[in-house]
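Have a look at entry_14.cif below; it lists mmCIF, N, CA and C atoms and all ligand atoms.
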```cif
data_start
#
loop_
_atom_site.label_atom_id
_atom_site.label_comp_id
_atom_site.auth_asym_id
_atom_site.auth_seq_id
_atom_site.Cartn_x
_atom_site.Cartn_y
_atom_site.Cartn_z
N MET A 12 74.44 98.27 236.68
CA MET A 12 75.89 98.28 236.48
C MET A 12 76.62 98.37 237.82
N ALA A 13 77.54 97.48 238.00
CA ALA A 13 78.28 97.46 239.27
C ALA A 13 79.19 98.67 239.36
N LYS A 14 79.17 99.31 240.50
CA LYS A 14 79.95 100.55 240.65
C LYS A 14 81.40 100.23 240.98
N GLY A 15 82.26 101.13 240.58
CA GLY A 15 83.66 101.05 240.98
C GLY A 15 84.47 99.97 240.29
N LEU A 16 83.93 99.40 239.22
CA LEU A 16 84.68 98.38 238.52
C LEU A 16 85.33 98.99 237.27
N ASN A 17 86.56 98.60 237.06
CA ASN A 17 87.28 99.05 235.88
C ASN A 17 86.99 98.06 234.74
N TYR A 18 86.00 98.39 233.93
CA TYR A 18 85.58 97.47 232.88
C TYR A 18 86.70 97.15 231.89
N ASP A 19 87.47 98.18 231.56
CA ASP A 19 88.58 97.95 230.61
C ASP A 19 89.56 96.92 231.15
N TYR A 20 89.85 97.06 232.44
CA TYR A 20 90.78 96.13 233.06
C TYR A 20 90.26 94.69 232.97
N PHE A 21 88.97 94.52 233.31
CA PHE A 21 88.42 93.16 233.31
C PHE A 21 88.22 92.62 231.90
N GLU A 22 87.96 93.53 230.96
CA GLU A 22 87.83 93.09 229.58
C GLU A 22 89.16 92.53 229.08
N ARG A 23 90.23 93.25 229.41
CA ARG A 23 91.56 92.77 229.01
C ARG A 23 91.87 91.44 229.69
N LYS A 24 91.52 91.37 230.97
CA LYS A 24 91.79 90.16 231.75
C LYS A 24 91.02 88.96 231.17
N LEU A 25 89.76 89.19 230.82
CA LEU A 25 88.95 88.12 230.25
C LEU A 25 89.54 87.63 228.93
N LYS A 26 90.03 88.57 228.14
CA LYS A 26 90.65 88.21 226.86
C LYS A 26 91.84 87.29 227.09
N LYS A 27 92.66 87.65 228.08
CA LYS A 27 93.84 86.85 228.39
C LYS A 27 93.45 85.45 228.84
N VAL A 28 92.49 85.39 229.76
CA VAL A 28 92.04 84.09 230.28
C VAL A 28 91.49 83.25 229.14
N ARG A 29 90.71 83.91 228.25
CA ARG A 29 90.11 83.20 227.12
C ARG A 29 91.18 82.57 226.23
N GLU A 30 92.21 83.37 225.94
CA GLU A 30 93.30 82.86 225.10
C GLU A 30 93.98 81.68 225.76
N ALA A 31 94.21 81.78 227.07
CA ALA A 31 94.88 80.71 227.80
C ALA A 31 94.03 79.44 227.78
N VAL A 32 92.72 79.60 227.98
CA VAL A 32 91.82 78.44 227.99
C VAL A 32 91.77 77.80 226.61
N LEU A 33 91.68 78.64 225.57
CA LEU A 33 91.67 78.11 224.20
C LEU A 33 92.94 77.33 223.91
N GLN A 34 94.07 77.86 224.39
CA GLN A 34 95.35 77.20 224.20
C GLN A 34 95.34 75.83 224.86
N GLU A 35 94.81 75.77 226.08
CA GLU A 35 94.74 74.50 226.80
C GLU A 35 93.90 73.49 226.01
N ILE A 36 92.77 73.94 225.49
CA ILE A 36 91.89 73.05 224.74
C ILE A 36 92.61 72.56 223.48
N ASN A 37 93.29 73.48 222.80
CA ASN A 37 94.02 73.10 221.59
C ASN A 37 95.11 72.07 221.88
N ASP A 38 95.73 72.21 223.05
CA ASP A 38 96.77 71.27 223.43
C ASP A 38 96.18 69.90 223.75
N LEU A 39 95.01 69.90 224.37
CA LEU A 39 94.44 68.64 224.85
C LEU A 39 93.71 67.88 223.75
N GLU A 40 93.06 68.61 222.84
CA GLU A 40 92.20 67.95 221.86
C GLU A 40 92.89 66.88 221.02
N PRO A 41 94.07 67.16 220.46
CA PRO A 41 94.70 66.09 219.67
C PRO A 41 95.02 64.85 220.49
N LYS A 42 95.32 65.04 221.77
CA LYS A 42 95.63 63.89 222.62
C LYS A 42 94.41 62.99 222.78
N VAL A 43 93.25 63.59 222.97
CA VAL A 43 92.03 62.82 223.14
C VAL A 43 91.63 62.19 221.81
N GLY A 44 91.88 62.93 220.72
CA GLY A 44 91.51 62.45 219.39
C GLY A 44 92.22 61.17 219.01
N GLU A 45 93.51 61.10 219.29
CA GLU A 45 94.26 59.91 218.88
C GLU A 45 94.26 58.87 220.00
N ASN A 46 93.22 58.09 220.03
CA ASN A 46 93.09 57.06 221.06
C ASN A 46 93.97 55.86 220.68
N PRO A 47 95.06 55.64 221.41
CA PRO A 47 95.97 54.55 221.05
C PRO A 47 95.31 53.18 221.19
N LEU A 48 94.29 53.09 222.01
CA LEU A 48 93.61 51.80 222.16
C LEU A 48 92.86 51.44 220.89
N GLU A 49 92.26 52.44 220.26
CA GLU A 49 91.50 52.18 219.05
C GLU A 49 92.40 52.00 217.84
N SER A 50 93.38 52.90 217.72
CA SER A 50 94.23 52.85 216.53
C SER A 50 95.15 51.63 216.55
N GLY A 51 95.48 51.12 217.74
CA GLY A 51 96.41 50.00 217.82
C GLY A 51 95.71 48.65 217.77
N GLU A 52 94.40 48.64 217.67
CA GLU A 52 93.65 47.40 217.77
C GLU A 52 94.03 46.37 216.70
N GLU A 53 94.16 46.82 215.45
CA GLU A 53 94.40 45.87 214.37
C GLU A 53 95.83 45.37 214.33
N THR A 54 96.78 46.24 214.72
CA THR A 54 98.17 45.84 214.63
C THR A 54 98.58 44.95 215.80
N THR A 55 97.89 45.03 216.91
CA THR A 55 98.20 44.14 218.04
C THR A 55 96.97 43.28 218.36
N PRO A 56 96.96 42.07 217.82
CA PRO A 56 95.80 41.20 218.03
C PRO A 56 95.66 40.76 219.48
N PHE A 57 96.75 40.74 220.22
CA PHE A 57 96.67 40.35 221.62
C PHE A 57 96.54 41.58 222.50
N PRO A 58 95.66 41.47 223.47
CA PRO A 58 95.46 42.66 224.32
C PRO A 58 96.73 43.06 225.04
N THR A 59 96.96 44.36 225.10
CA THR A 59 98.10 44.88 225.82
C THR A 59 97.91 44.57 227.30
N HIS A 60 98.99 44.68 228.01
CA HIS A 60 98.90 44.45 229.45
C HIS A 60 97.78 45.30 230.04
N ILE A 61 96.99 44.68 230.90
CA ILE A 61 95.79 45.34 231.42
C ILE A 61 96.12 46.66 232.12
N ALA A 62 97.26 46.74 232.75
CA ALA A 62 97.65 47.98 233.45
C ALA A 62 97.87 49.10 232.45
N ASP A 63 98.43 48.74 231.27
CA ASP A 63 98.65 49.76 230.25
C ASP A 63 97.33 50.34 229.78
N ILE A 64 96.37 49.44 229.57
CA ILE A 64 95.06 49.90 229.09
C ILE A 64 94.42 50.83 230.12
N ALA A 65 94.46 50.43 231.37
CA ALA A 65 93.88 51.26 232.43
C ALA A 65 94.56 52.61 232.47
N ASP A 66 95.86 52.60 232.25
CA ASP A 66 96.64 53.82 232.28
C ASP A 66 96.20 54.78 231.18
N VAL A 67 96.11 54.23 229.98
CA VAL A 67 95.70 55.06 228.84
C VAL A 67 94.29 55.57 229.05
N GLU A 68 93.43 54.69 229.53
CA GLU A 68 92.03 55.09 229.72
C GLU A 68 91.90 56.20 230.75
N SER A 69 92.66 56.10 231.83
CA SER A 69 92.53 57.14 232.86
C SER A 69 93.10 58.45 232.35
N ARG A 70 94.14 58.37 231.51
CA ARG A 70 94.70 59.59 230.95
C ARG A 70 93.68 60.24 230.00
N LEU A 71 93.04 59.41 229.18
CA LEU A 71 92.03 59.93 228.25
C LEU A 71 90.85 60.50 229.02
N ASP A 72 90.46 59.80 230.09
CA ASP A 72 89.36 60.28 230.92
C ASP A 72 89.67 61.66 231.47
N ARG A 73 90.89 61.80 231.98
CA ARG A 73 91.29 63.05 232.60
C ARG A 73 91.33 64.16 231.56
N ASP A 74 91.87 63.85 230.38
CA ASP A 74 91.95 64.86 229.33
C ASP A 74 90.56 65.28 228.86
N SER A 75 89.67 64.31 228.68
CA SER A 75 88.30 64.68 228.24
C SER A 75 87.60 65.48 229.32
N TYR A 76 87.87 65.10 230.56
CA TYR A 76 87.27 65.84 231.67
C TYR A 76 87.78 67.29 231.66
N LEU A 77 89.08 67.44 231.47
CA LEU A 77 89.66 68.79 231.44
C LEU A 77 89.08 69.60 230.30
N ILE A 78 88.93 68.96 229.13
CA ILE A 78 88.36 69.68 227.98
C ILE A 78 86.96 70.15 228.30
N SER A 79 86.16 69.29 228.94
CA SER A 79 84.78 69.70 229.24
C SER A 79 84.78 70.84 230.27
N GLN A 80 85.74 70.79 231.20
CA GLN A 80 85.84 71.88 232.18
C GLN A 80 86.23 73.18 231.49
N TYR A 81 87.21 73.09 230.58
CA TYR A 81 87.67 74.29 229.88
C TYR A 81 86.58 74.85 228.97
N SER A 82 85.80 73.96 228.35
CA SER A 82 84.71 74.43 227.48
C SER A 82 83.68 75.19 228.30
N LYS A 83 83.44 74.68 229.50
CA LYS A 83 82.50 75.35 230.38
C LYS A 83 83.02 76.73 230.78
N GLU A 84 84.32 76.75 231.09
CA GLU A 84 84.96 78.00 231.45
C GLU A 84 84.84 79.00 230.30
N LEU A 85 85.04 78.51 229.09
CA LEU A 85 84.96 79.35 227.91
C LEU A 85 83.57 79.99 227.79
N LYS A 86 82.56 79.19 228.06
CA LYS A 86 81.19 79.71 228.00
C LYS A 86 80.98 80.82 229.02
N ASP A 87 81.51 80.59 230.24
CA ASP A 87 81.39 81.60 231.29
C ASP A 87 82.14 82.87 230.91
N ILE A 88 83.31 82.68 230.28
CA ILE A 88 84.10 83.84 229.86
C ILE A 88 83.34 84.63 228.80
N ASP A 89 82.74 83.94 227.84
CA ASP A 89 81.97 84.62 226.80
C ASP A 89 80.76 85.33 227.40
N ALA A 90 80.13 84.67 228.38
CA ALA A 90 78.98 85.28 229.04
C ALA A 90 79.42 86.55 229.78
N ALA A 91 80.59 86.48 230.41
CA ALA A 91 81.11 87.64 231.13
C ALA A 91 81.40 88.78 230.16
N HIS A 92 81.91 88.43 228.97
CA HIS A 92 82.18 89.42 227.93
C HIS A 92 80.90 90.15 227.53
N ARG A 93 79.84 89.35 227.34
CA ARG A 93 78.55 89.93 226.98
C ARG A 93 78.07 90.90 228.06
N LYS A 94 78.32 90.49 229.31
CA LYS A 94 77.87 91.33 230.42
C LYS A 94 78.62 92.65 230.45
N ILE A 95 79.87 92.63 230.05
CA ILE A 95 80.62 93.89 229.98
C ILE A 95 79.96 94.80 228.96
N VAL A 96 79.59 94.23 227.81
CA VAL A 96 78.93 95.01 226.77
C VAL A 96 77.58 95.53 227.28
N GLU A 97 76.86 94.66 227.97
CA GLU A 97 75.52 95.05 228.47
C GLU A 97 75.57 95.84 229.77
N LYS A 98 76.78 96.03 230.26
CA LYS A 98 77.00 96.78 231.50
C LYS A 98 76.34 96.12 232.72
N THR A 99 76.27 94.81 232.70
CA THR A 99 75.77 94.10 233.87
C THR A 99 76.89 93.29 234.51
N TYR A 100 78.10 93.50 234.03
CA TYR A 100 79.25 92.75 234.54
C TYR A 100 79.49 93.06 236.01
N GLY A 101 79.82 92.01 236.78
CA GLY A 101 80.15 92.22 238.18
C GLY A 101 78.94 92.15 239.10
N ILE A 102 77.78 91.82 238.51
CA ILE A 102 76.57 91.72 239.32
C ILE A 102 76.19 90.25 239.45
N CYS A 103 75.93 89.84 240.68
CA CYS A 103 75.59 88.44 240.94
C CYS A 103 74.30 88.06 240.22
N GLU A 104 74.32 86.91 239.52
CA GLU A 104 73.14 86.48 238.77
C GLU A 104 72.02 86.02 239.69
N ASP A 105 72.37 85.70 240.92
CA ASP A 105 71.36 85.20 241.86
C ASP A 105 70.69 86.32 242.64
N CYS A 106 71.49 87.12 243.33
CA CYS A 106 70.91 88.09 244.26
C CYS A 106 71.02 89.52 243.75
N GLY A 107 71.77 89.74 242.67
CA GLY A 107 71.84 91.07 242.08
C GLY A 107 72.77 92.03 242.80
N SER A 108 73.49 91.55 243.79
CA SER A 108 74.43 92.45 244.46
C SER A 108 75.80 92.38 243.76
N ASN A 109 76.67 93.29 244.12
CA ASN A 109 77.98 93.34 243.47
C ASN A 109 78.84 92.15 243.86
N ILE A 110 79.48 91.55 242.87
CA ILE A 110 80.35 90.41 243.14
C ILE A 110 81.61 90.88 243.87
N GLY A 111 82.05 92.07 243.53
CA GLY A 111 83.20 92.63 244.25
C GLY A 111 84.49 92.52 243.46
N ASN A 112 85.28 93.57 243.57
CA ASN A 112 86.53 93.67 242.83
C ASN A 112 87.48 92.51 243.09
N GLU A 113 87.64 92.17 244.36
CA GLU A 113 88.63 91.16 244.72
C GLU A 113 88.29 89.80 244.13
N ARG A 114 87.01 89.44 244.25
CA ARG A 114 86.56 88.15 243.73
C ARG A 114 86.69 88.11 242.21
N LEU A 115 86.37 89.21 241.56
CA LEU A 115 86.46 89.26 240.10
C LEU A 115 87.90 89.22 239.62
N LYS A 116 88.79 89.76 240.44
CA LYS A 116 90.21 89.68 240.09
C LYS A 116 90.67 88.24 240.09
N ALA A 117 90.17 87.48 241.07
CA ALA A 117 90.54 86.07 241.17
C ALA A 117 89.84 85.25 240.09
N ILE A 118 88.54 85.48 239.91
CA ILE A 118 87.74 84.77 238.90
C ILE A 118 87.02 85.81 238.06
N PRO A 119 87.65 86.28 236.97
CA PRO A 119 87.05 87.37 236.20
C PRO A 119 85.72 86.99 235.55
N TYR A 120 85.43 85.68 235.45
CA TYR A 120 84.16 85.27 234.82
C TYR A 120 83.17 84.74 235.87
N ALA A 121 83.39 85.13 237.13
CA ALA A 121 82.49 84.69 238.20
C ALA A 121 81.06 85.17 237.92
N ARG A 122 80.10 84.28 238.10
CA ARG A 122 78.70 84.64 237.83
C ARG A 122 77.94 84.99 239.10
N TYR A 123 78.49 84.55 240.23
CA TYR A 123 77.78 84.78 241.49
C TYR A 123 78.69 85.43 242.52
N CYS A 124 78.11 86.12 243.47
CA CYS A 124 78.88 86.66 244.57
C CYS A 124 79.33 85.49 245.46
N LYS A 125 80.21 85.79 246.38
CA LYS A 125 80.82 84.73 247.18
C LYS A 125 79.77 83.91 247.93
N SER A 126 78.84 84.61 248.59
CA SER A 126 77.88 83.87 249.43
C SER A 126 76.93 83.04 248.57
N CYS A 127 76.50 83.57 247.42
CA CYS A 127 75.63 82.78 246.54
C CYS A 127 76.38 81.58 245.98
N ALA A 128 77.63 81.78 245.60
CA ALA A 128 78.43 80.68 245.06
C ALA A 128 78.59 79.59 246.11
N GLU A 129 78.79 80.03 247.37
CA GLU A 129 78.97 79.05 248.44
C GLU A 129 77.69 78.27 248.71
N SER A 130 76.57 78.96 248.72
CA SER A 130 75.32 78.25 249.01
C SER A 130 74.95 77.33 247.84
N ARG A 131 75.31 77.75 246.63
CA ARG A 131 75.08 76.88 245.47
C ARG A 131 75.93 75.62 245.58
N GLU A 132 77.16 75.82 246.02
CA GLU A 132 78.07 74.69 246.14
C GLU A 132 77.53 73.69 247.16
N LYS A 133 77.02 74.21 248.27
CA LYS A 133 76.47 73.34 249.29
C LYS A 133 75.26 72.58 248.78
N LYS A 134 74.43 73.27 248.02
CA LYS A 134 73.23 72.67 247.49
C LYS A 134 73.54 71.56 246.49
N SER A 135 74.46 71.86 245.59
CA SER A 135 74.67 70.93 244.48
C SER A 135 75.83 69.97 244.71
N TRP A 136 76.67 70.27 245.68
CA TRP A 136 77.88 69.48 245.91
C TRP A 136 78.78 69.47 244.69
N ARG A 137 78.63 70.48 243.88
CA ARG A 137 79.49 70.51 242.70
C ARG A 137 80.32 71.78 242.72
N LYS A 138 81.62 71.59 242.84
CA LYS A 138 82.51 72.73 242.98
C LYS A 138 82.57 73.58 241.71
N GLU A 139 82.29 72.96 240.56
CA GLU A 139 82.46 73.70 239.30
C GLU A 139 81.40 74.79 239.11
N GLU A 140 80.36 74.80 239.97
CA GLU A 140 79.37 75.85 239.86
C GLU A 140 79.89 77.20 240.33
N LEU A 141 81.00 77.18 241.01
CA LEU A 141 81.65 78.40 241.46
C LEU A 141 81.98 79.29 240.28
ZN ZN A 201 74.69 86.75 245.16
#
```
Translate this structure into structure tokens?
Amino acid sequence: MAKGLNYDYFERKLKKVREAVLQEINDLEPKVGENPLESGEETTPFPTHIADIADVESRLDRDSYLISQYSKELKDIDAAHRKIVEKTYGICEDCGSNIGNERLKAIPYARYCKSCAESREKKSWRKEEL
């Protein structure tokens, strides 16, 4: 168990973040669901201007990307919640040292300490592992 952490504070914070992320997903999901390219196919036999199609596609791409990012975040938040229950919250999953109050305040569902997160980022070139 990480010392000096206010578990109640972080539990409340995680709840808030979780609600916000769920809200974002709820807002985005209907947009991705109603694909105007698919639903408009039968009523418009001629293809829409190619720029319009690209526009819609990039918007859908971005929304689906955001949803997948938020879903990932949700998983991390739930994992962090479990760790609070198991009293392992705030401990780096890689090296076992304390993640630290400041970092957890910024990212309450952080799984790694700063240096482990940075070395992971360098290794994988993927920022979302943070
Ligand atoms: Zn670490």
Notebook entry, point to check: atom CA of A:Glu68 and atom N of A:Glu84 are how many Å apart?
Noted result: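 Answer for the atom CA of A:Glu68 to atom N of A:Glu84 separation: 23.0 Å.
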Next item on the list: Enumerate as a ChimeraX atom specification the residues within 6 Å of ligand ZN 201 (chain A), counting all atoms listed in the file.
Entry: /A:103-108,123-128
Margin query: Counting only C-alpha atoms, find residues at most 10 Å from (89.8, 68.8, 222.0) (file frame) and give them as a ChimeraX atom specification.
Written below: /A:33,35-44,74-75,77-79,81-82
Next item on the list: Determine which residues of chain A DSSP labels as alpha helix (DSSP H) from the backbone of this structure, then write them out as a PyMOL selection string.
Entry: chain A and resi 18-44+47-50+61-97+112-117+125-135
Using all atoms of stretch 74-79 of chain A listed in the file and a margin of 4 Å per side, can you give the axis-aligned box centre and edge lengths in Å to one decimal, as lines of an AutoDock Vina configuration file?
```
center_x = 88.4
center_y = 67.3
center_z = 229.8
size_x = 15.2
size_y = 15.0
size_z = 11.7
```
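Nearest residue to A:Tyr120, choosing from A:Ile88, A:Lys133, A:Ala65, A:Tyr76 and counting all atoms listed in the file: A:Ile88.
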Checklist line | Selection: 12 Å around A:Asp19, only C-alpha atoms, excl. self and same-chain fewer than 4 positions, as an MDAnalysis selection string | finding: chainID A and resid 15 23:26 92 95:96 98 100
Notebook entry, point to check: What is the distance between atom N of A:Ala90 and atom CA of A:Ser135, in Å to one decimal?
Noted result: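 Between these atoms lies a distance of 21.9 Å.
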Next item on the list: Check the smallest atom-to-atom distance from each of A:Ser130, A:Gln34, A:Asn109, A:Thr99 to A:Tyr18 using only C-alpha atoms, then report the winner.
Entry: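 Between A:Ser130, A:Gln34, A:Asn109, A:Thr99, the residue approaching A:Tyr18 most closely is A:Thr99.
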Item checked: Counting all atoms listed in the file, the option among A:Val32, A:Leu71, A:Leu115, A:Ala62 closest to A:Gly101 -> A:Leu115
